[in-house]
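Chemist: Handing you a structure now.
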Amino acid sequence: MKLRTSLIATLLLAACASHSGSGLAPGEARREQVQALMGPPALSWKDADGSVQLAYPLGPAGFDTYMVKLGPDGRLQSIANVLDEQTFARIRAGMTKDEVLRLIGPPDYSRSAYFKARDELAWEWRFREIYGNPARFAVLFDATAGSVRNTMILPEHYPKD
């Protein structure tokens with residue numbers, strides 16, 4: 001039984017490591033190696049200088065989205081989990097949906113909502129706040145203009161009275 005439990009734990013750790021890009025060396029790994037380990041990205045962008053950004057969300061049940069940056073030479077520059085309060089603070093009123101997607105990747109579309117009376121579109125991301133508690137980050141867009149109105153962080157589980 002202990003061997004079985006140990007084997008399952010090892011497999012789970014290996015699966016988690018592959019989603020985070022653990023083991024890929026910046027300056028050495030190429031896009032093919034990134035995708036062999038992490039799979040196809042949910043979104044990708046190519047910049048004017050030839051660099052590429054790949055988004056790897058682990059939602060809707062997961063708490064992380066990894067952004068992979070590849071240089072113009074196709075080599076890995078960085079991998080970072082972008083679902084944190086430091087990155088959220090960079091989102092400002094007036095930003096476009098694409099600018100938000102490039103910062104924090106795709107939301108949990110199953111929890112997106114449109115509020116007709118306010119002409120407002122809400123996107124949500126699940127993450128762990130600084131103390132490790134599950135929380136939701138929401139970006140509220142002017143649905144007609146497609147630009148950010150506001151953001152908010154909500155605890156995932158509210159305390160019981």
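Scheme for the structure tokens: letters A, B, ... for chains in order shown; per-chain residue numbers from 1; ligand numbers from 1 in order shown.
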Using only C-alpha atoms, which residues sit within 7 Å of range 63-73 of chain A once same-chain residues fewer than 3 positions away are excluded, as a ChimeraX atom specification?
Modeler: /A:20,49-59,76-83,104-105,126-128
Chemist: Out of chain A, which residues get strand (DSSP E or B) from DSSP, as a ChimeraX atom specification?
Modeler: /A:30,43-46,52-57,65-70,75-81,96,113-115,120-128,134-142,147-155
Chemist: Find the residues near range 135-146 of chain A: any atom within 9 Å, counting only C-alpha atoms, skip ones fewer than 2 places away on the same chain, and give them as a PyMOL selection string.
Modeler: chain A and resi 63+83+85+88+91+93-97+100+107+114-115+118-129+132-133+148-157
Chemist: Hey, what does DSSP flag as helix (DSSP H, G or I) within chain A? Can you give it to me as a PyMOL selection string?
Modeler: chain A and resi 2-20+31-38+85-88+97-104+109-111+116-118
Chemist: Could you save the residues just selected, with C-alpha atoms, as a short mmCIF file (atom, residue, chain, number, x, y, z; two decimals), in the first residue's frame?
Modeler:
```
data_model
loop_
_atom_site.label_atom_id
_atom_site.label_comp_id
_atom_site.auth_asym_id
_atom_site.auth_seq_id
_atom_site.Cartn_x
_atom_site.Cartn_y
_atom_site.Cartn_z
CA LYS A 2 2.85 2.39 0.85
CA LEU A 3 4.49 1.69 -2.51
CA ARG A 4 1.23 2.46 -4.32
CA THR A 5 0.74 5.72 -2.39
CA SER A 6 4.35 6.71 -3.05
CA LEU A 7 4.00 5.98 -6.76
CA ILE A 8 0.80 8.04 -7.02
CA ALA A 9 2.42 10.96 -5.16
CA THR A 10 5.44 10.83 -7.47
CA LEU A 11 3.25 10.86 -10.57
CA LEU A 12 1.23 13.79 -9.26
CA LEU A 13 4.39 15.77 -8.51
CA ALA A 14 5.73 15.04 -11.98
CA ALA A 15 2.47 16.22 -13.53
CA CYS A 16 2.58 19.46 -11.53
CA ALA A 17 6.21 20.06 -12.46
CA SER A 18 5.43 19.75 -16.16
CA HIS A 19 2.67 22.35 -15.95
CA SER A 20 4.99 24.86 -14.31
CA ARG A 31 9.68 26.35 -27.96
CA GLU A 32 9.54 22.69 -29.01
CA GLN A 33 10.89 21.63 -25.60
CA VAL A 34 8.48 23.95 -23.77
CA GLN A 35 5.50 22.52 -25.64
CA ALA A 36 6.73 18.93 -25.26
CA LEU A 37 6.74 19.44 -21.48
CA MET A 38 3.86 21.87 -20.97
CA GLU A 85 -1.64 40.50 -6.55
CA GLN A 86 1.52 42.15 -7.91
CA THR A 87 0.47 41.38 -11.49
CA PHE A 88 -3.18 42.24 -10.81
CA LYS A 97 -9.29 42.81 -23.11
CA ASP A 98 -6.21 41.79 -25.08
CA GLU A 99 -3.92 43.75 -22.75
CA VAL A 100 -5.48 41.96 -19.76
CA LEU A 101 -5.13 38.57 -21.48
CA ARG A 102 -1.44 39.26 -22.15
CA LEU A 103 -0.86 40.04 -18.48
CA ILE A 104 -2.78 37.22 -16.78
CA TYR A 109 -15.01 31.70 -19.03
CA SER A 110 -17.59 29.49 -17.30
CA ARG A 111 -17.81 32.15 -14.58
CA LYS A 116 -27.14 44.21 -19.11
CA ALA A 117 -28.27 47.05 -16.83
CA ARG A 118 -24.66 48.21 -16.46
#
```
